[in-house]
Amino acid sequence: METSEPPHSAAYFGAERDFWWNQDYLELLARRFDFAAVRSVLDVGAGIGHWGMLLASVLPQGVSIVGLERDPRWVAEAERRRGRREAGARFQFDQGVAEALPYEEATFDLVTCQTLLMHVPDPQVVIGEMVRVTKPGGLVLASEPNNAASFLVESSFSFGTPVEGKAEAIRFVLVCERGKMLLGRGDNRVGDLLPGYFVEAGLTQVQTYMNDKVELMVPPYSEEGQRARASMLAEFSNKGLWCWHREEAHEYFVAGGGDEADFDPVWTRLLERQQNEVASIAAGELHTAGGNIHYIVGGWRG
Ligand SMILES: C[S@@+](CC[C@H](N)C(=O)[O-])C[C@H]1O[C@@H](n2cnc3c(N)ncnc32)[C@H](O)[C@@H]1O
């Protein structure tokens, strides 16, 4: 498994990630999926622990949570974050790969992941491993998006702009997604396919919901989550990132069948639009309801 790829996740591990879920909605999930029965948890592709730490707030006291992560940098950072938290003693972070989980069959009551399956070459292999290490009667739970759908969501900035610019961005994303998949780096739209994959993996009573959190932006952006999002967008713009780093996007675009000669002109226009959007936020003008597709899919091991 490669670990020397561009640190894509680094751009997405900022404060904004702490605001992905409404607390009352997590409590609803805990009731729907009967978290009261859970004693042991595995969070696969844990990154620096955001998902496991959020879930901990709605799991019974004393539940142990193991985070499994491929990249040693994130394992070390997750350990540091754990040390700063009151509930830190409940966590353990291990290094390993999702395709060959280093745990015995039937070890955990709950095996979960968030935005992992969108990055792996074969999500069904990973789901198979997640099922294997789940105890009979235990729950497999995945939180994954279709990120391409977000490009059809309007803001006061994009609304009314030419159709051609919007179509260009969507085409660019779809070509890159095809390249990303062909290169074995997953597909950011995988969420749409998860209920089917769960059924194929032999999970029962498969339930599918959507996260009810929006990426709301309304001036004066007084909520902490909106300010974190504004900072993230400004950072993306400053660093010349648009979904991906330039090199990563270029690799995906070409692998996806995009014409090499098209890349730079399109990339420049996308970055320009992003800069203007960030300027519109800085001016306190941009607003959007910020809809996005992010699923939560759960199924039980029989
Ligand atoms: C987008 S991050 C999500 C992190 C965390 N689940 C969260 O929601 O904050 C995806 C993480 O999965 C890890 N990852 C990707 N492929 C993996 C694999 N095959 N096995 C284990 N971890 C993997 C990446 O290193 C990264 O930390």
# chains A, B, ... in the order shown; residues from 1 in each chain; ligands from 1
$ select_by_dssp --residues "stretch 143-258 of chain A" --states "strand (DSSP E)" --output "ChimeraX atom specification"
/A:143-146,204-210
$ residues_near_ligand --ligand "ligand 1" --cutoff "9 Å" --atoms "only C-alpha atoms and all ligand atoms" --output "ChimeraX atom specification"
/A:1-3,7-10,12-13,17-18,43-52,67-75,95-101,112-121,126,143,185-186
$ select_by_dssp --residues "stretch 103-190 of chain A" --states "alpha helix (DSSP H)" --output "number ranges by chain"
A: 123-132, 163-182
$ write_last_selection --atoms "N, CA and C atoms" --output "PDB file, in the first residue's frame"
ATOM      1  N   PRO A 123     -14.020  -0.858  -2.765  1.00  0.00           N
ATOM      2  CA  PRO A 123     -14.770  -0.728  -1.506  1.00  0.00           C
ATOM      3  C   PRO A 123     -15.364  -2.050  -1.037  1.00  0.00           C
ATOM      4  N   GLN A 124     -15.695  -2.928  -1.980  1.00  0.00           N
ATOM      5  CA  GLN A 124     -16.324  -4.196  -1.570  1.00  0.00           C
ATOM      6  C   GLN A 124     -15.348  -5.095  -0.802  1.00  0.00           C
ATOM      7  N   VAL A 125     -14.055  -5.006  -1.156  1.00  0.00           N
ATOM      8  CA  VAL A 125     -13.044  -5.765  -0.407  1.00  0.00           C
ATOM      9  C   VAL A 125     -12.982  -5.240   1.028  1.00  0.00           C
ATOM     10  N   VAL A 126     -12.988  -3.925   1.174  1.00  0.00           N
ATOM     11  CA  VAL A 126     -12.914  -3.321   2.513  1.00  0.00           C
ATOM     12  C   VAL A 126     -14.179  -3.652   3.318  1.00  0.00           C
ATOM     13  N   ILE A 127     -15.342  -3.552   2.670  1.00  0.00           N
ATOM     14  CA  ILE A 127     -16.590  -3.893   3.376  1.00  0.00           C
ATOM     15  C   ILE A 127     -16.521  -5.358   3.836  1.00  0.00           C
ATOM     16  N   GLY A 128     -15.998  -6.230   2.986  1.00  0.00           N
ATOM     17  CA  GLY A 128     -15.852  -7.650   3.360  1.00  0.00           C
ATOM     18  C   GLY A 128     -14.997  -7.810   4.610  1.00  0.00           C
ATOM     19  N   GLU A 129     -13.902  -7.045   4.683  1.00  0.00           N
ATOM     20  CA  GLU A 129     -13.045  -7.085   5.866  1.00  0.00           C
ATOM     21  C   GLU A 129     -13.760  -6.527   7.097  1.00  0.00           C
ATOM     22  N   MET A 130     -14.524  -5.457   6.881  1.00  0.00           N
ATOM     23  CA  MET A 130     -15.274  -4.862   8.003  1.00  0.00           C
ATOM     24  C   MET A 130     -16.284  -5.879   8.550  1.00  0.00           C
ATOM     25  N   VAL A 131     -16.936  -6.614   7.637  1.00  0.00           N
ATOM     26  CA  VAL A 131     -17.916  -7.630   8.065  1.00  0.00           C
ATOM     27  C   VAL A 131     -17.186  -8.733   8.832  1.00  0.00           C
ATOM     28  N   ARG A 132     -16.035  -9.156   8.315  1.00  0.00           N
ATOM     29  CA  ARG A 132     -15.300 -10.269   8.941  1.00  0.00           C
ATOM     30  C   ARG A 132     -14.979  -9.985  10.406  1.00  0.00           C
ATOM     31  N   VAL A 163     -24.226  28.959 -17.656  1.00  0.00           N
ATOM     32  CA  VAL A 163     -24.347  27.493 -17.595  1.00  0.00           C
ATOM     33  C   VAL A 163     -23.023  26.845 -17.980  1.00  0.00           C
ATOM     34  N   GLU A 164     -22.328  27.452 -18.934  1.00  0.00           N
ATOM     35  CA  GLU A 164     -21.111  26.835 -19.472  1.00  0.00           C
ATOM     36  C   GLU A 164     -20.054  26.632 -18.376  1.00  0.00           C
ATOM     37  N   GLY A 165     -19.934  27.633 -17.467  1.00  0.00           N
ATOM     38  CA  GLY A 165     -18.932  27.530 -16.392  1.00  0.00           C
ATOM     39  C   GLY A 165     -19.271  26.385 -15.456  1.00  0.00           C
ATOM     40  N   LYS A 166     -20.556  26.282 -15.148  1.00  0.00           N
ATOM     41  CA  LYS A 166     -21.027  25.212 -14.257  1.00  0.00           C
ATOM     42  C   LYS A 166     -20.800  23.842 -14.916  1.00  0.00           C
ATOM     43  N   ALA A 167     -21.174  23.758 -16.192  1.00  0.00           N
ATOM     44  CA  ALA A 167     -21.025  22.481 -16.917  1.00  0.00           C
ATOM     45  C   ALA A 167     -19.547  22.107 -17.011  1.00  0.00           C
ATOM     46  N   GLU A 168     -18.695  23.118 -17.184  1.00  0.00           N
ATOM     47  CA  GLU A 168     -17.258  22.845 -17.289  1.00  0.00           C
ATOM     48  C   GLU A 168     -16.729  22.239 -15.984  1.00  0.00           C
ATOM     49  N   ALA A 169     -17.180  22.798 -14.852  1.00  0.00           N
ATOM     50  CA  ALA A 169     -16.719  22.289 -13.551  1.00  0.00           C
ATOM     51  C   ALA A 169     -17.206  20.856 -13.343  1.00  0.00           C
ATOM     52  N   ILE A 170     -18.459  20.598 -13.699  1.00  0.00           N
ATOM     53  CA  ILE A 170     -19.011  19.258 -13.484  1.00  0.00           C
ATOM     54  C   ILE A 170     -18.308  18.245 -14.401  1.00  0.00           C
ATOM     55  N   ARG A 171     -18.087  18.631 -15.650  1.00  0.00           N
ATOM     56  CA  ARG A 171     -17.392  17.712 -16.563  1.00  0.00           C
ATOM     57  C   ARG A 171     -15.983  17.419 -16.036  1.00  0.00           C
ATOM     58  N   PHE A 172     -15.305  18.473 -15.574  1.00  0.00           N
ATOM     59  CA  PHE A 172     -13.945  18.315 -15.045  1.00  0.00           C
ATOM     60  C   PHE A 172     -13.940  17.327 -13.879  1.00  0.00           C
ATOM     61  N   VAL A 173     -14.902  17.496 -12.965  1.00  0.00           N
ATOM     62  CA  VAL A 173     -14.976  16.605 -11.790  1.00  0.00           C
ATOM     63  C   VAL A 173     -15.233  15.168 -12.223  1.00  0.00           C
ATOM     64  N   LEU A 174     -16.147  14.978 -13.177  1.00  0.00           N
ATOM     65  CA  LEU A 174     -16.493  13.608 -13.585  1.00  0.00           C
ATOM     66  C   LEU A 174     -15.327  12.935 -14.307  1.00  0.00           C
ATOM     67  N   VAL A 175     -14.591  13.698 -15.115  1.00  0.00           N
ATOM     68  CA  VAL A 175     -13.408  13.117 -15.782  1.00  0.00           C
ATOM     69  C   VAL A 175     -12.365  12.750 -14.730  1.00  0.00           C
ATOM     70  N   CYS A 176     -12.142  13.653 -13.756  1.00  0.00           N
ATOM     71  CA  CYS A 176     -11.173  13.372 -12.683  1.00  0.00           C
ATOM     72  C   CYS A 176     -11.605  12.154 -11.872  1.00  0.00           C
ATOM     73  N   GLU A 177     -12.904  12.049 -11.580  1.00  0.00           N
ATOM     74  CA  GLU A 177     -13.393  10.894 -10.812  1.00  0.00           C
ATOM     75  C   GLU A 177     -13.113   9.594 -11.554  1.00  0.00           C
ATOM     76  N   ARG A 178     -13.336   9.631 -12.877  1.00  0.00           N
ATOM     77  CA  ARG A 178     -13.073   8.424 -13.664  1.00  0.00           C
ATOM     78  C   ARG A 178     -11.586   8.068 -13.571  1.00  0.00           C
ATOM     79  N   GLY A 179     -10.717   9.103 -13.679  1.00  0.00           N
ATOM     80  CA  GLY A 179      -9.274   8.859 -13.578  1.00  0.00           C
ATOM     81  C   GLY A 179      -8.885   8.357 -12.198  1.00  0.00           C
ATOM     82  N   LYS A 180      -9.467   8.964 -11.166  1.00  0.00           N
ATOM     83  CA  LYS A 180      -9.171   8.562  -9.782  1.00  0.00           C
ATOM     84  C   LYS A 180      -9.503   7.084  -9.603  1.00  0.00           C
ATOM     85  N   MET A 181     -10.658   6.684 -10.137  1.00  0.00           N
ATOM     86  CA  MET A 181     -11.079   5.293 -10.003  1.00  0.00           C
ATOM     87  C   MET A 181     -10.138   4.373 -10.783  1.00  0.00           C
ATOM     88  N   LEU A 182      -9.791   4.788 -12.027  1.00  0.00           N
ATOM     89  CA  LEU A 182      -8.914   3.943 -12.844  1.00  0.00           C
ATOM     90  C   LEU A 182      -7.525   3.804 -12.221  1.00  0.00           C
TER      91      LEU A 182
END
$ residues_around --residues "A:Met232" --least-positions-apart "3" --cutoff "10 Å" --atoms "only C-alpha atoms" --output "NGL selection string"
:A and (11-17 or 226-229 or 235-238 or 278)
$ decode --residues "stretch 109-201 of chain A" --atoms "C-alpha atoms" --output "PDB file, in the first residue's frame"
ATOM      1  CA  ASP A 109     -19.651  -4.918  18.126  1.00  0.00           C
ATOM      2  CA  LEU A 110     -19.522  -1.934  15.780  1.00  0.00           C
ATOM      3  CA  VAL A 111     -17.225  -1.517  12.769  1.00  0.00           C
ATOM      4  CA  THR A 112     -17.492   1.838  11.078  1.00  0.00           C
ATOM      5  CA  CYS A 113     -15.804   4.219   8.651  1.00  0.00           C
ATOM      6  CA  GLN A 114     -16.247   7.758   7.393  1.00  0.00           C
ATOM      7  CA  THR A 115     -15.004   9.005   4.010  1.00  0.00           C
ATOM      8  CA  LEU A 116     -12.737   5.989   3.656  1.00  0.00           C
ATOM      9  CA  LEU A 117     -14.547   3.886   1.035  1.00  0.00           C
ATOM     10  CA  MET A 118     -14.420   6.856  -1.365  1.00  0.00           C
ATOM     11  CA  HIS A 119     -10.594   6.547  -1.347  1.00  0.00           C
ATOM     12  CA  VAL A 120     -10.030   2.806  -1.730  1.00  0.00           C
ATOM     13  CA  PRO A 121      -9.602   0.890  -5.022  1.00  0.00           C
ATOM     14  CA  ASP A 122     -12.209  -1.729  -4.153  1.00  0.00           C
ATOM     15  CA  PRO A 123     -14.770  -0.728  -1.506  1.00  0.00           C
ATOM     16  CA  GLN A 124     -16.324  -4.196  -1.570  1.00  0.00           C
ATOM     17  CA  VAL A 125     -13.044  -5.765  -0.407  1.00  0.00           C
ATOM     18  CA  VAL A 126     -12.914  -3.321   2.513  1.00  0.00           C
ATOM     19  CA  ILE A 127     -16.590  -3.893   3.376  1.00  0.00           C
ATOM     20  CA  GLY A 128     -15.852  -7.650   3.360  1.00  0.00           C
ATOM     21  CA  GLU A 129     -13.045  -7.085   5.866  1.00  0.00           C
ATOM     22  CA  MET A 130     -15.274  -4.862   8.003  1.00  0.00           C
ATOM     23  CA  VAL A 131     -17.916  -7.630   8.065  1.00  0.00           C
ATOM     24  CA  ARG A 132     -15.300 -10.269   8.941  1.00  0.00           C
ATOM     25  CA  VAL A 133     -14.121  -8.467  12.099  1.00  0.00           C
ATOM     26  CA  THR A 134     -17.693  -7.649  13.224  1.00  0.00           C
ATOM     27  CA  LYS A 135     -19.216 -10.003  15.813  1.00  0.00           C
ATOM     28  CA  PRO A 136     -22.321 -11.938  14.722  1.00  0.00           C
ATOM     29  CA  GLY A 137     -25.238  -9.634  15.538  1.00  0.00           C
ATOM     30  CA  GLY A 138     -22.911  -6.628  15.349  1.00  0.00           C
ATOM     31  CA  LEU A 139     -23.273  -3.521  13.203  1.00  0.00           C
ATOM     32  CA  VAL A 140     -21.315  -2.271  10.163  1.00  0.00           C
ATOM     33  CA  LEU A 141     -21.874   1.461   9.648  1.00  0.00           C
ATOM     34  CA  ALA A 142     -20.478   3.663   6.860  1.00  0.00           C
ATOM     35  CA  SER A 143     -20.663   7.420   6.447  1.00  0.00           C
ATOM     36  CA  GLU A 144     -19.799   8.285   2.835  1.00  0.00           C
ATOM     37  CA  PRO A 145     -20.813  10.972   0.308  1.00  0.00           C
ATOM     38  CA  ASN A 146     -21.485  11.576  -3.317  1.00  0.00           C
ATOM     39  CA  ASN A 147     -19.335  14.702  -3.511  1.00  0.00           C
ATOM     40  CA  ALA A 148     -19.924  15.277  -7.226  1.00  0.00           C
ATOM     41  CA  ALA A 149     -23.545  16.185  -6.442  1.00  0.00           C
ATOM     42  CA  SER A 150     -22.368  19.316  -4.575  1.00  0.00           C
ATOM     43  CA  PHE A 151     -21.359  20.952  -7.837  1.00  0.00           C
ATOM     44  CA  LEU A 152     -25.032  21.457  -8.692  1.00  0.00           C
ATOM     45  CA  VAL A 153     -25.720  23.315  -5.437  1.00  0.00           C
ATOM     46  CA  GLU A 154     -25.941  27.079  -5.933  1.00  0.00           C
ATOM     47  CA  SER A 155     -24.773  30.015  -3.870  1.00  0.00           C
ATOM     48  CA  SER A 156     -25.738  33.652  -4.311  1.00  0.00           C
ATOM     49  CA  PHE A 157     -22.399  33.930  -6.116  1.00  0.00           C
ATOM     50  CA  SER A 158     -22.836  31.045  -8.599  1.00  0.00           C
ATOM     51  CA  PHE A 159     -26.590  31.516  -9.165  1.00  0.00           C
ATOM     52  CA  GLY A 160     -27.097  33.262 -12.472  1.00  0.00           C
ATOM     53  CA  THR A 161     -23.549  32.642 -13.722  1.00  0.00           C
ATOM     54  CA  PRO A 162     -23.290  31.115 -17.215  1.00  0.00           C
ATOM     55  CA  VAL A 163     -24.347  27.493 -17.595  1.00  0.00           C
ATOM     56  CA  GLU A 164     -21.111  26.835 -19.472  1.00  0.00           C
ATOM     57  CA  GLY A 165     -18.932  27.530 -16.392  1.00  0.00           C
ATOM     58  CA  LYS A 166     -21.027  25.212 -14.257  1.00  0.00           C
ATOM     59  CA  ALA A 167     -21.025  22.481 -16.917  1.00  0.00           C
ATOM     60  CA  GLU A 168     -17.258  22.845 -17.289  1.00  0.00           C
ATOM     61  CA  ALA A 169     -16.719  22.289 -13.551  1.00  0.00           C
ATOM     62  CA  ILE A 170     -19.011  19.258 -13.484  1.00  0.00           C
ATOM     63  CA  ARG A 171     -17.392  17.712 -16.563  1.00  0.00           C
ATOM     64  CA  PHE A 172     -13.945  18.315 -15.045  1.00  0.00           C
ATOM     65  CA  VAL A 173     -14.976  16.605 -11.790  1.00  0.00           C
ATOM     66  CA  LEU A 174     -16.493  13.608 -13.585  1.00  0.00           C
ATOM     67  CA  VAL A 175     -13.408  13.117 -15.782  1.00  0.00           C
ATOM     68  CA  CYS A 176     -11.173  13.372 -12.683  1.00  0.00           C
ATOM     69  CA  GLU A 177     -13.393  10.894 -10.812  1.00  0.00           C
ATOM     70  CA  ARG A 178     -13.073   8.424 -13.664  1.00  0.00           C
ATOM     71  CA  GLY A 179      -9.274   8.859 -13.578  1.00  0.00           C
ATOM     72  CA  LYS A 180      -9.171   8.562  -9.782  1.00  0.00           C
ATOM     73  CA  MET A 181     -11.079   5.293 -10.003  1.00  0.00           C
ATOM     74  CA  LEU A 182      -8.914   3.943 -12.844  1.00  0.00           C
ATOM     75  CA  LEU A 183      -5.779   4.760 -10.819  1.00  0.00           C
ATOM     76  CA  GLY A 184      -7.158   2.738  -7.907  1.00  0.00           C
ATOM     77  CA  ARG A 185      -7.734   5.750  -5.614  1.00  0.00           C
ATOM     78  CA  GLY A 186     -11.492   5.283  -5.186  1.00  0.00           C
ATOM     79  CA  ASP A 187     -14.476   7.357  -6.259  1.00  0.00           C
ATOM     80  CA  ASN A 188     -15.950  10.332  -4.388  1.00  0.00           C
ATOM     81  CA  ARG A 189     -19.470   9.231  -5.419  1.00  0.00           C
ATOM     82  CA  VAL A 190     -19.285   5.813  -3.733  1.00  0.00           C
ATOM     83  CA  GLY A 191     -22.016   6.628  -1.186  1.00  0.00           C
ATOM     84  CA  ASP A 192     -24.720   6.040  -3.811  1.00  0.00           C
ATOM     85  CA  LEU A 193     -23.678   2.378  -4.116  1.00  0.00           C
ATOM     86  CA  LEU A 194     -23.265   1.436  -0.458  1.00  0.00           C
ATOM     87  CA  PRO A 195     -26.698  -0.033   0.360  1.00  0.00           C
ATOM     88  CA  GLY A 196     -26.276  -2.444  -2.577  1.00  0.00           C
ATOM     89  CA  TYR A 197     -22.719  -3.339  -1.522  1.00  0.00           C
ATOM     90  CA  PHE A 198     -23.897  -3.945   2.060  1.00  0.00           C
ATOM     91  CA  VAL A 199     -26.621  -6.336   0.888  1.00  0.00           C
ATOM     92  CA  GLU A 200     -24.110  -8.125  -1.398  1.00  0.00           C
ATOM     93  CA  ALA A 201     -21.753  -8.487   1.594  1.00  0.00           C
TER      94      ALA A 201
END
